[in-house]
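Structure data follow from coords-v9.cif (mmCIF, C-alpha atoms and all ligand atoms):
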```
data_input
#
loop_
_atom_site.label_atom_id
_atom_site.label_comp_id
_atom_site.auth_asym_id
_atom_site.auth_seq_id
_atom_site.Cartn_x
_atom_site.Cartn_y
_atom_site.Cartn_z
CA MET A 1 16.78 -8.48 -11.20
CA ILE A 2 17.27 -4.72 -11.39
CA ILE A 3 14.03 -3.16 -10.24
CA LEU A 4 12.73 0.40 -10.39
CA VAL A 5 10.63 1.12 -7.31
CA THR A 6 8.58 4.30 -7.58
CA GLY A 7 7.39 5.63 -4.23
CA GLY A 8 10.20 3.57 -2.67
CA THR A 9 10.77 5.91 0.28
CA GLY A 10 7.07 5.68 1.23
CA TYR A 11 5.46 3.32 3.72
CA ILE A 12 4.82 0.17 1.68
CA GLY A 13 7.57 0.99 -0.84
CA SER A 14 10.34 1.15 1.78
CA HIS A 15 9.37 -2.21 3.29
CA THR A 16 9.30 -3.73 -0.19
CA VAL A 17 12.73 -2.29 -1.01
CA VAL A 18 14.09 -4.02 2.11
CA GLU A 19 12.59 -7.38 1.08
CA LEU A 20 13.79 -7.00 -2.53
CA ILE A 21 17.35 -6.25 -1.41
CA GLN A 22 17.27 -9.15 1.05
CA ALA A 23 16.08 -11.42 -1.78
CA GLY A 24 19.17 -10.41 -3.81
CA HIS A 25 17.67 -7.85 -6.20
CA GLU A 26 19.16 -4.47 -7.11
CA VAL A 27 16.82 -1.54 -6.43
CA VAL A 28 16.61 1.96 -7.87
CA ILE A 29 14.13 4.31 -6.20
CA VAL A 30 12.26 7.23 -7.74
CA ASP A 31 10.22 9.40 -5.36
CA ASN A 32 9.35 13.09 -5.27
CA LEU A 33 9.27 13.03 -1.43
CA VAL A 34 5.78 14.54 -1.34
CA ASN A 35 4.86 12.10 1.44
CA SER A 36 8.16 10.63 2.60
CA LYS A 37 11.65 11.58 3.70
CA LYS A 38 15.07 11.00 2.21
CA SER A 39 16.32 9.76 5.61
CA VAL A 40 14.44 6.50 4.90
CA LEU A 41 17.34 5.60 2.59
CA ASP A 42 19.73 5.52 5.57
CA LYS A 43 17.25 3.36 7.50
CA ILE A 44 17.13 0.93 4.57
CA LYS A 45 20.95 0.86 4.64
CA THR A 46 20.99 0.13 8.37
CA ILE A 47 18.61 -2.80 7.87
CA THR A 48 20.08 -4.28 4.68
CA GLY A 49 23.64 -2.91 4.43
CA ILE A 50 22.80 -1.41 1.04
CA LYS A 51 21.73 2.13 0.21
CA PRO A 52 19.68 2.01 -2.98
CA THR A 53 20.27 4.47 -5.82
CA PHE A 54 17.79 7.31 -5.43
CA TYR A 55 16.34 9.89 -7.82
CA GLU A 56 14.16 12.73 -6.54
CA ILE A 57 11.80 12.86 -9.51
CA ASP A 58 8.08 13.35 -9.97
CA CYS A 59 6.60 10.44 -11.92
CA THR A 60 4.34 12.84 -13.81
CA ASP A 61 7.49 14.40 -15.31
CA LYS A 62 8.20 12.10 -18.22
CA GLU A 63 11.23 14.06 -19.41
CA ALA A 64 12.89 13.63 -16.04
CA LEU A 65 11.95 9.94 -15.86
CA GLU A 66 13.29 8.87 -19.24
CA PRO A 67 17.01 9.26 -18.40
CA VAL A 68 16.48 6.89 -15.46
CA PHE A 69 15.27 4.20 -17.88
CA LYS A 70 18.24 4.96 -20.15
CA ALA A 71 20.71 4.69 -17.27
CA HIS A 72 19.55 1.36 -15.81
CA PRO A 73 18.70 -1.89 -17.63
CA PHE A 74 15.57 -2.56 -15.55
CA ASP A 75 13.96 -5.99 -15.46
CA GLY A 76 10.87 -4.68 -13.74
CA VAL A 77 9.01 -1.74 -12.26
CA ILE A 78 7.03 -1.71 -9.02
CA HIS A 79 4.84 1.38 -9.09
CA PHE A 80 3.88 2.55 -5.59
CA ALA A 81 4.11 6.32 -6.19
CA GLY A 82 0.72 7.85 -5.66
CA LEU A 83 -1.42 10.05 -3.47
CA LYS A 84 -3.66 8.05 -1.15
CA ALA A 85 -5.79 10.22 1.12
CA VAL A 86 -9.40 9.37 0.30
CA GLY A 87 -10.90 12.56 1.80
CA GLU A 88 -8.36 14.80 0.09
CA SER A 89 -9.16 13.12 -3.24
CA VAL A 90 -12.77 14.26 -2.89
CA GLN A 91 -11.61 17.85 -2.29
CA LYS A 92 -8.90 17.82 -4.98
CA PRO A 93 -10.02 15.31 -7.61
CA LEU A 94 -7.95 16.69 -10.48
CA MET A 95 -4.77 16.56 -8.44
CA TYR A 96 -5.47 12.86 -7.77
CA TYR A 97 -6.33 11.97 -11.37
CA HIS A 98 -3.30 13.91 -12.61
CA ASN A 99 -0.84 12.40 -10.17
CA ASN A 100 -2.02 8.81 -10.01
CA VAL A 101 -3.20 8.19 -13.56
CA LEU A 102 -0.57 10.16 -15.48
CA SER A 103 2.26 8.52 -13.55
CA THR A 104 0.90 5.10 -14.51
CA ILE A 105 0.65 6.08 -18.19
CA TYR A 106 4.17 7.52 -18.36
CA LEU A 107 5.78 4.65 -16.49
CA SER A 108 4.10 2.03 -18.66
CA GLU A 109 5.03 3.93 -21.85
CA LEU A 110 8.65 4.06 -20.74
CA ALA A 111 8.66 0.44 -19.60
CA ILE A 112 7.40 -0.65 -23.02
CA LYS A 113 9.83 1.64 -24.88
CA TYR A 114 12.83 0.36 -22.89
CA LYS A 115 11.67 -3.27 -23.02
CA VAL A 116 11.10 -3.64 -19.29
CA ASP A 117 8.96 -6.76 -19.14
CA ARG A 118 7.48 -6.74 -15.65
CA PHE A 119 5.22 -4.12 -14.11
CA VAL A 120 3.70 -4.49 -10.65
CA PHE A 121 1.03 -2.02 -9.60
CA SER A 122 -0.28 -0.95 -6.17
CA SER A 123 -4.03 -1.29 -6.40
CA SER A 124 -6.55 -1.41 -3.61
CA ALA A 125 -9.47 -3.42 -2.33
CA THR A 126 -11.44 -0.24 -2.82
CA VAL A 127 -11.85 -1.14 -6.54
CA TYR A 128 -14.36 -3.84 -5.54
CA GLY A 129 -16.81 -1.21 -4.29
CA ASP A 130 -19.79 -2.42 -2.32
CA GLN A 131 -20.44 -6.10 -3.06
CA GLU A 132 -20.62 -9.48 -1.41
CA VAL A 133 -17.71 -10.49 0.83
CA PRO A 134 -15.15 -11.93 0.68
CA PHE A 135 -13.85 -10.09 -2.37
CA VAL A 136 -12.55 -12.41 -5.09
CA GLU A 137 -10.34 -11.40 -8.03
CA THR A 138 -12.93 -12.65 -10.54
CA MET A 139 -15.54 -10.11 -9.40
CA ASN A 140 -16.39 -7.17 -11.63
CA LEU A 141 -15.10 -3.85 -10.40
CA LEU A 142 -17.83 -1.55 -9.10
CA PRO A 143 -17.65 2.23 -8.95
CA THR A 144 -15.88 3.40 -5.84
CA THR A 145 -17.13 6.27 -3.71
CA ASN A 146 -14.18 8.62 -4.27
CA PRO A 147 -11.69 9.86 -6.91
CA TYR A 148 -8.79 8.06 -5.21
CA GLY A 149 -10.50 4.70 -5.77
CA GLU A 150 -11.28 5.68 -9.35
CA THR A 151 -7.59 6.40 -10.03
CA LYS A 152 -6.83 2.81 -8.98
CA ALA A 153 -9.58 1.33 -11.16
CA MET A 154 -8.48 3.49 -14.13
CA SER A 155 -4.82 2.60 -13.69
CA GLU A 156 -5.75 -1.09 -13.60
CA ARG A 157 -7.66 -0.72 -16.90
CA ILE A 158 -4.84 1.23 -18.57
CA LEU A 159 -2.28 -1.41 -17.60
CA LYS A 160 -4.53 -4.30 -18.69
CA ASP A 161 -5.11 -2.70 -22.10
CA ALA A 162 -1.38 -2.04 -22.52
CA ALA A 163 -0.48 -5.62 -21.58
CA THR A 164 -3.10 -7.03 -23.94
CA VAL A 165 -1.44 -5.57 -27.04
CA ASN A 166 2.22 -5.38 -26.04
CA GLN A 167 3.84 -8.78 -26.05
CA ASN A 168 6.41 -9.12 -23.28
CA PHE A 169 4.79 -6.37 -21.18
CA LYS A 170 3.35 -8.26 -18.23
CA VAL A 171 1.42 -6.65 -15.43
CA SER A 172 0.59 -7.76 -11.93
CA LEU A 173 -2.21 -5.84 -10.23
CA LEU A 174 -1.97 -6.20 -6.46
CA ARG A 175 -5.09 -5.27 -4.53
CA TYR A 176 -4.09 -4.46 -0.97
CA PHE A 177 -6.49 -4.71 1.91
CA ASN A 178 -5.54 -2.70 5.02
CA PRO A 179 -1.75 -2.51 5.43
CA VAL A 180 -0.60 -1.83 9.01
CA GLY A 181 2.44 -2.53 11.22
CA ALA A 182 6.08 -1.73 10.62
CA HIS A 183 9.46 -3.37 10.16
CA GLU A 184 10.50 -5.30 13.28
CA SER A 185 13.63 -3.12 13.59
CA GLY A 186 11.34 -0.16 14.40
CA LEU A 187 13.35 1.89 11.85
CA ILE A 188 10.75 2.21 9.09
CA GLY A 189 6.98 2.42 9.34
CA GLU A 190 4.16 4.83 8.81
CA SER A 191 3.89 8.13 10.58
CA PRO A 192 1.58 10.39 8.62
CA ASN A 193 1.87 14.15 8.90
CA GLY A 194 -0.88 15.79 10.92
CA ILE A 195 -3.87 13.89 12.25
CA PRO A 196 -3.99 10.37 10.79
CA ASN A 197 -7.02 9.27 8.75
CA ASN A 198 -6.37 5.58 9.21
CA LEU A 199 -7.13 3.51 12.26
CA MET A 200 -3.76 2.03 13.30
CA PRO A 201 -1.71 5.27 13.12
CA PHE A 202 -4.48 6.99 15.07
CA VAL A 203 -4.52 4.27 17.74
CA SER A 204 -0.70 4.50 18.04
CA LYS A 205 -0.81 8.26 18.55
CA VAL A 206 -3.54 7.97 21.19
CA ALA A 207 -1.46 5.34 23.03
CA LYS A 208 1.54 7.69 22.85
CA GLY A 209 -0.52 10.54 24.31
CA GLU A 210 -0.15 12.72 21.19
CA LEU A 211 -3.87 12.45 20.55
CA GLU A 212 -6.39 12.37 23.34
CA ILE A 213 -9.00 9.82 22.31
CA LEU A 214 -9.90 7.55 19.40
CA SER A 215 -13.23 8.19 17.68
CA VAL A 216 -14.76 4.87 16.67
CA PHE A 217 -16.84 5.59 13.57
CA GLY A 218 -20.10 3.81 14.33
CA ASN A 219 -21.09 0.80 16.45
CA ASP A 220 -24.37 0.06 14.72
CA TYR A 221 -23.11 -1.84 11.68
CA ASP A 222 -24.31 -5.36 11.02
CA THR A 223 -21.07 -6.87 12.38
CA PRO A 224 -20.45 -8.97 15.52
CA ASP A 225 -19.68 -5.96 17.76
CA GLY A 226 -21.28 -3.30 15.55
CA THR A 227 -17.98 -1.64 14.52
CA GLY A 228 -16.41 -1.71 11.05
CA VAL A 229 -14.58 -4.85 9.95
CA ARG A 230 -11.46 -4.87 7.73
CA ASP A 231 -8.75 -7.27 6.61
CA TYR A 232 -5.60 -5.85 8.25
CA ILE A 233 -2.35 -7.12 6.79
CA HIS A 234 1.18 -6.66 8.15
CA VAL A 235 3.21 -4.45 5.81
CA VAL A 236 6.14 -6.92 5.82
CA ASP A 237 3.85 -9.73 4.60
CA LEU A 238 2.58 -7.34 1.95
CA ALA A 239 6.15 -6.45 0.93
CA LYS A 240 7.04 -10.15 0.57
CA GLY A 241 4.00 -10.53 -1.69
CA HIS A 242 5.54 -7.99 -4.08
CA VAL A 243 8.82 -9.89 -4.28
CA LEU A 244 6.98 -13.07 -5.27
CA ALA A 245 4.63 -11.22 -7.63
CA ILE A 246 7.50 -9.74 -9.64
CA GLU A 247 9.66 -12.87 -9.54
CA LYS A 248 6.86 -15.18 -10.64
CA LEU A 249 5.11 -12.91 -13.14
CA GLN A 250 4.36 -15.03 -16.21
CA ASP A 251 1.02 -14.15 -17.74
CA ALA A 252 0.16 -10.92 -19.54
CA ILE A 253 -2.16 -9.91 -16.70
CA GLU A 254 -2.16 -11.29 -13.19
CA ILE A 255 -4.39 -10.00 -10.40
CA TYR A 256 -4.00 -10.84 -6.73
CA ASN A 257 -5.70 -9.86 -3.51
CA LEU A 258 -3.12 -9.31 -0.79
CA GLY A 259 -4.93 -9.76 2.50
CA THR A 260 -5.16 -12.34 5.26
CA GLY A 261 -8.65 -13.57 4.44
CA HIS A 262 -9.95 -12.58 7.91
CA GLY A 263 -11.96 -9.59 9.05
CA VAL A 264 -11.19 -7.82 12.34
CA SER A 265 -13.32 -5.11 13.96
CA VAL A 266 -12.26 -1.68 15.20
CA LEU A 267 -12.85 -2.69 18.83
CA GLU A 268 -10.86 -5.90 18.32
CA ILE A 269 -7.94 -3.77 17.09
CA VAL A 270 -8.20 -1.50 20.14
CA SER A 271 -8.24 -4.44 22.51
CA ALA A 272 -5.38 -6.27 20.72
CA PHE A 273 -3.28 -3.08 20.77
CA GLU A 274 -3.83 -2.63 24.50
CA LYS A 275 -2.94 -6.26 25.26
CA ALA A 276 0.07 -6.49 22.92
CA ASN A 277 1.65 -3.31 24.25
CA ALA A 278 0.33 -2.96 27.81
CA VAL A 279 -1.02 0.51 27.05
CA LYS A 280 -4.43 2.20 27.23
CA VAL A 281 -6.30 3.40 24.18
CA PRO A 282 -9.27 5.48 25.32
CA TYR A 283 -12.07 5.64 22.75
CA LYS A 284 -15.53 7.03 22.21
CA ILE A 285 -18.23 5.93 19.79
CA VAL A 286 -19.19 8.60 17.26
CA ASP A 287 -21.27 8.68 14.07
CA ARG A 288 -20.38 6.53 11.08
CA ARG A 289 -17.81 8.05 8.71
CA PRO A 290 -19.49 8.83 5.37
CA GLY A 291 -18.40 6.48 2.59
CA ASP A 292 -17.24 3.64 4.90
CA LEU A 293 -18.37 0.11 4.08
CA PRO A 294 -19.47 -2.01 7.06
CA ALA A 295 -17.22 -5.02 6.52
CA TYR A 296 -14.94 -6.54 3.92
CA TRP A 297 -12.05 -8.93 3.68
CA ALA A 298 -10.11 -10.78 1.02
CA ASP A 299 -10.45 -14.17 -0.50
CA ALA A 300 -6.68 -14.68 -0.38
CA ASN A 301 -6.55 -18.15 -1.95
CA LYS A 302 -5.32 -17.19 -5.40
CA ALA A 303 -2.08 -15.59 -4.18
CA TYR A 304 -1.40 -18.76 -2.18
CA GLU A 305 -2.14 -21.12 -5.06
CA LYS A 306 -0.24 -19.20 -7.75
CA LEU A 307 2.51 -17.39 -5.84
CA GLY A 308 2.82 -19.56 -2.76
CA TRP A 309 2.22 -16.40 -0.73
CA LYS A 310 0.34 -16.29 2.53
CA ALA A 311 0.20 -13.60 5.20
CA LYS A 312 1.92 -15.03 8.29
CA LYS A 313 1.91 -12.25 10.85
CA THR A 314 -0.88 -11.93 13.39
CA ILE A 315 -2.91 -8.98 14.65
CA PHE A 316 -0.70 -9.15 17.76
CA ASP A 317 2.44 -8.70 15.57
CA MET A 318 0.79 -5.82 13.70
CA CYS A 319 -0.05 -4.00 16.95
CA LYS A 320 3.35 -4.70 18.52
CA ASP A 321 5.35 -3.53 15.50
CA SER A 322 3.19 -0.43 14.95
CA TRP A 323 3.81 0.56 18.57
CA HIS A 324 7.53 -0.23 18.44
CA PHE A 325 7.90 2.08 15.44
CA GLU A 326 5.70 4.84 16.87
CA LYS A 327 7.54 4.82 20.22
CA ASN A 328 10.93 5.22 18.50
CA TYR A 329 9.76 7.62 15.82
CA LYS A 330 11.31 11.08 15.79
CA ASP A 331 10.34 13.59 13.15
CA GLU A 332 13.69 13.98 11.31
P1 LIG B 401 3.00 6.57 0.94
O1 LIG B 401 2.40 7.93 0.77
O2 LIG B 401 3.73 6.28 2.19
O3 LIG B 401 3.98 6.26 -0.28
C1 LIG B 401 3.78 6.77 -1.57
C2 LIG B 401 5.09 7.40 -2.03
O4 LIG B 401 4.91 7.91 -3.35
C3 LIG B 401 5.54 8.56 -1.15
O5 LIG B 401 6.89 8.38 -0.79
C4 LIG B 401 5.37 9.79 -2.04
O6 LIG B 401 6.34 10.77 -1.76
C5 LIG B 401 5.51 9.20 -3.43
N1 LIG B 401 4.83 9.91 -4.53
C6 LIG B 401 3.54 10.31 -4.60
N2 LIG B 401 3.30 10.87 -5.79
C7 LIG B 401 4.47 10.83 -6.49
C8 LIG B 401 4.86 11.23 -7.78
N3 LIG B 401 4.02 11.84 -8.62
N4 LIG B 401 6.12 11.01 -8.17
C9 LIG B 401 7.01 10.42 -7.34
N5 LIG B 401 6.70 10.01 -6.12
C10 LIG B 401 5.44 10.20 -5.69
O7 LIG B 401 1.83 5.52 0.70
P2 LIG B 401 1.81 3.93 0.86
O8 LIG B 401 0.84 3.60 1.92
O9 LIG B 401 3.18 3.40 0.91
O10 LIG B 401 1.11 3.53 -0.51
C11 LIG B 401 1.85 3.08 -1.64
C12 LIG B 401 0.88 2.77 -2.77
O11 LIG B 401 -0.05 1.77 -2.32
C13 LIG B 401 0.04 3.97 -3.20
O12 LIG B 401 -0.12 3.91 -4.60
C14 LIG B 401 -1.28 3.73 -2.51
O13 LIG B 401 -2.35 4.33 -3.19
C15 LIG B 401 -1.38 2.21 -2.53
N6 LIG B 401 -2.26 1.65 -1.50
C16 LIG B 401 -2.05 1.97 -0.18
C17 LIG B 401 -2.91 1.48 0.79
C18 LIG B 401 -2.71 1.84 2.24
O14 LIG B 401 -3.66 1.67 3.02
N7 LIG B 401 -1.55 2.32 2.67
C19 LIG B 401 -3.99 0.63 0.44
C20 LIG B 401 -4.16 0.31 -0.90
C21 LIG B 401 -3.29 0.82 -1.87
N1 LIG B 402 -11.86 3.97 11.90
C1 LIG B 402 -12.31 4.48 13.11
N2 LIG B 402 -11.68 5.58 13.62
C2 LIG B 402 -10.65 6.20 13.00
C3 LIG B 402 -10.19 5.67 11.77
C4 LIG B 402 -10.83 4.57 11.26
O1 LIG B 402 -13.25 3.96 13.70
O2 LIG B 402 -10.14 7.21 13.52
C5 LIG B 402 -12.50 2.76 11.36
C6 LIG B 402 -13.14 2.96 10.00
O3 LIG B 402 -14.48 3.40 10.14
C7 LIG B 402 -13.03 1.56 9.39
C8 LIG B 402 -11.73 1.01 9.97
O4 LIG B 402 -11.47 1.80 11.14
O5 LIG B 402 -14.08 0.75 9.86
C9 LIG B 402 -10.54 1.14 9.02
O6 LIG B 402 -10.43 2.48 8.56
P1 LIG B 402 -9.13 3.04 7.83
O7 LIG B 402 -9.34 4.49 7.60
O8 LIG B 402 -7.91 2.63 8.58
O9 LIG B 402 -9.10 2.23 6.46
P2 LIG B 402 -10.22 2.09 5.31
O10 LIG B 402 -10.67 0.68 5.32
O11 LIG B 402 -11.23 3.14 5.42
O12 LIG B 402 -9.36 2.38 3.99
C10 LIG B 402 -8.03 1.89 3.78
C11 LIG B 402 -7.23 2.92 2.99
C12 LIG B 402 -7.78 3.09 1.61
C13 LIG B 402 -7.84 1.76 0.92
C14 LIG B 402 -8.59 0.74 1.75
C15 LIG B 402 -8.42 -0.59 1.11
O13 LIG B 402 -7.26 4.19 3.67
O14 LIG B 402 -6.93 3.92 0.86
O15 LIG B 402 -8.06 0.69 3.08
O16 LIG B 402 -9.02 -1.58 1.83
F1 LIG B 402 -8.45 1.90 -0.28
#
```
Could you express the structure from this file as structure tokens?
Amino acid sequence: MIILVTGGTGYIGSHTVVELIQAGHEVVIVDNLVNSKKSVLDKIKTITGIKPTFYEIDCTDKEALEPVFKAHPFDGVIHFAGLKAVGESVQKPLMYYHNNVLSTIYLSELAIKYKVDRFVFSSSATVYGDQEVPFVETMNLLPTTNPYGETKAMSERILKDAATVNQNFKVSLLRYFNPVGAHESGLIGESPNGIPNNLMPFVSKVAKGELEILSVFGNDYDTPDGTGVRDYIHVVDLAKGHVLAIEKLQDAIEIYNLGTGHGVSVLEIVSAFEKANAVKVPYKIVDRRPGDLPAYWADANKAYEKLGWKAKKTIFDMCKDSWHFEKNYKDE
């Protein structure tokens, strides 16, 4: 297939581009580089031998996007492009709604106009809100606690409505749990600018000595060790899930959780990281972070039954690969 990957130089996008190329697909990337670097294209070439076609375009610029659809006979779109910092979305809600929702509308309009049948969307476990765990795809969506989460829920609804009335426009909504880790080559991974918001990049930077100490946000939750529990998934497993989701897309609307099905606590991550990499990660317990849920993980059975997909990599792999990438990473 010829596949348009928006946000393809980003963290999850770049790993998915690698897996798509290795599965024999042709990839065209659109990214405005707001949170990634063009040098990722050379890293993709080093890993796969192929440098994908790249357009530096903002997905909220429909006029700039349309010629890309005219130039390439796409079979599918995988739409990763989006802003993802939860705290920033509270401070700048309109920027988040504009960027994340408008891009979804324009890309689906163009996909329908140019008869691109398959559309895979990056959603998030955050759309489940606060309800019983594990989260199952059949659950109703509950309001999330921030505009970022709302952009995901809105985009899901927009795509479902579009697929309901447009025959041949099929959508796959992939709800990611907590993606971590990096490609085993150490060439691509996640290194956020500034101080990371997410646990694994923070842990990596503490281990490297770039940050002094990890703040563990609360140890008084109703969890086995009192710290928050999440379903961490290796980004390469997640990327493989996208390849299967787009290859096997059949129904008008398909929804899959992409997680491991197991919850792991913050202190378990710290301890696994120290063991996997023979490093020290000093930490201190601080207050809970507002808006955090105590514990959630995926019911990951549907993706296995329908796509034959299962996360294979362990917490050990996630810690090892995160560290391998962080150690090698130079800000280019
Ligand atoms: P990322 O920031 O590394 O990648 C997103 C990419 O999209 C970046 O390269 C950025 O430059 C690009 N981009 C943003 N807005 C754009 C626009 N208007 N036009 C063109 N390009 C644009 O983030 P990621 O972790 O790879 O996330 C990819 C997708 O998965 C996002 O939609 C995110 O919301 C979603 N998601 C991520 C997580 C996570 O924890 N990483 C969890 C659930 C869902
Ligand atoms: N945590 C710490 N210290 C830190 C950072 C995080 O203790 O410095 C804890 C959090 O309290 C939480 C766990 O580590 O218990 C994971 O936190 P992250 O910030 O890494 O991830 P979240 O689960 O809060 O959210 C992530 C993405 C969201 C996405 C969600 C989907 O940031 O965009 O996963 O499950 F919606």
> What do you get as a PyMOL selection string if you pick all residues at most 8 Å from ligand LIG 401 (chain B), counting all atoms listed in the file?
Replying inline: chain A and resi 6-14+30-37+56-61+79-84+99-100+103+121-126+148+152+175-180+190+192+198
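The gap separating atom CA of A:Asn257 from atom CA of A:Asn168 is 23.2 Å, in Å to one decimal.
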>> Counting all atoms listed in the file, what are the residues, protein, DNA or RNA alike, that approach ligand LIG 402 (chain B) to within 9 Å? I want them as an MDAnalysis selection string.
In response: chainID A and resid 84:86 123:127 148:149 152 175:180 196:203 214:219 227:232 265:267 269 285:286 288:297
Write a file of the selected residues as a compact mmCIF listing (two decimals), in the frame of the given file, keeping C-alpha atoms.
```txt
# COMPACT_ATOMS: atom_id res chain seq x y z
CA LYS A 84 -3.66 8.05 -1.15
CA ALA A 85 -5.79 10.22 1.12
CA VAL A 86 -9.40 9.37 0.30
CA SER A 123 -4.03 -1.29 -6.40
CA SER A 124 -6.55 -1.41 -3.61
CA ALA A 125 -9.47 -3.42 -2.33
CA THR A 126 -11.44 -0.24 -2.82
CA VAL A 127 -11.85 -1.14 -6.54
CA TYR A 148 -8.79 8.06 -5.21
CA GLY A 149 -10.50 4.70 -5.77
CA LYS A 152 -6.83 2.81 -8.98
CA ARG A 175 -5.09 -5.27 -4.53
CA TYR A 176 -4.09 -4.46 -0.97
CA PHE A 177 -6.49 -4.71 1.91
CA ASN A 178 -5.54 -2.70 5.02
CA PRO A 179 -1.75 -2.51 5.43
CA VAL A 180 -0.60 -1.83 9.01
CA PRO A 196 -3.99 10.37 10.79
CA ASN A 197 -7.02 9.27 8.75
CA ASN A 198 -6.37 5.58 9.21
CA LEU A 199 -7.13 3.51 12.26
CA MET A 200 -3.76 2.03 13.30
CA PRO A 201 -1.71 5.27 13.12
CA PHE A 202 -4.48 6.99 15.07
CA VAL A 203 -4.52 4.27 17.74
CA LEU A 214 -9.90 7.55 19.40
CA SER A 215 -13.23 8.19 17.68
CA VAL A 216 -14.76 4.87 16.67
CA PHE A 217 -16.84 5.59 13.57
CA GLY A 218 -20.10 3.81 14.33
CA ASN A 219 -21.09 0.80 16.45
CA THR A 227 -17.98 -1.64 14.52
CA GLY A 228 -16.41 -1.71 11.05
CA VAL A 229 -14.58 -4.85 9.95
CA ARG A 230 -11.46 -4.87 7.73
CA ASP A 231 -8.75 -7.27 6.61
CA TYR A 232 -5.60 -5.85 8.25
CA SER A 265 -13.32 -5.11 13.96
CA VAL A 266 -12.26 -1.68 15.20
CA LEU A 267 -12.85 -2.69 18.83
CA ILE A 269 -7.94 -3.77 17.09
CA ILE A 285 -18.23 5.93 19.79
CA VAL A 286 -19.19 8.60 17.26
CA ARG A 288 -20.38 6.53 11.08
CA ARG A 289 -17.81 8.05 8.71
CA PRO A 290 -19.49 8.83 5.37
CA GLY A 291 -18.40 6.48 2.59
CA ASP A 292 -17.24 3.64 4.90
CA LEU A 293 -18.37 0.11 4.08
CA PRO A 294 -19.47 -2.01 7.06
CA ALA A 295 -17.22 -5.02 6.52
CA TYR A 296 -14.94 -6.54 3.92
CA TRP A 297 -12.05 -8.93 3.68
```
>> When you look at A:Phe74 with a cut-off of 8 Å (counting all atoms listed in the file), what residues show up, excluding the ones that are within fewer than 4 positions of it in the same chain? I need them as a VMD selection string.
In response: chain A and resid 1 to 4 69 116
> Interatomic distance between atom CA of A:Val136 and atom CA of A:Ser155?
Replying inline: 18.9 Å
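One distance worth recording is that between atom CA of A:Trp309 and atom CA of A:Gly241, which is 6.2 Å.
Shortest separation to A:Ala252 among A:Tyr106, A:Trp323, A:Tyr329, A:Phe119 occurs at residue A:Phe119, atoms counted being only C-alpha atoms.
Take the candidates A:Ala311, A:Val40, A:Ile105, A:Ala300 and check each one against A:Lys240 using only C-alpha atoms; the shortest distance goes to A:Ala311.
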> Quick one: of A:Ala162, A:Val120, A:Cys319, A:Leu173, who's nearest to A:Val235, counting only C-alpha atoms?
Replying inline: A:Cys319
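Take the candidates A:Gln250, A:Ser108, A:Thr260, A:Thr16 and check each one against A:Asn301 using all atoms listed in the file; the shortest distance goes to A:Thr260.
Taking only C-alpha atoms into account, A:Asn166 lies nearest to A:Asp117 out of the set A:Glu19, A:Glu137, A:Asp117, A:Glu305.
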Find the smallest box with edges along x, y and z containing every listed atom of stretch 86-95 of chain A, then add 5 Å on each side and report centre and edge lengths in Å to one decimal, as JSON.
```
{"center_x": -8.8, "center_y": 13.6, "center_z": -4.3, "size_x": 18.0, "size_y": 18.5, "size_z": 22.3}
```
>> Report as JSON, numbers by chain all protein, DNA and RNA residues lying within 8 Å of A:Tyr128, evaluated on all atoms listed in the file, omitting residues in the same chain fewer than 3 positions from it.
In response: {"A": [125, 131, 135, 139, 140, 141, 142, 143, 144]}
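Counting all atoms listed in the file, the residue from A:His98, A:His262, A:His242, A:Lys45 that sits nearest to A:Pro134 is A:His262.
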> Please, which residues are within 8 Å of (17.7, -5.8, 1.1) by the file's coordinates, counting all atoms listed in the file, and could they come as number ranges by chain?
Replying inline: A: 17-25, 44, 47-50
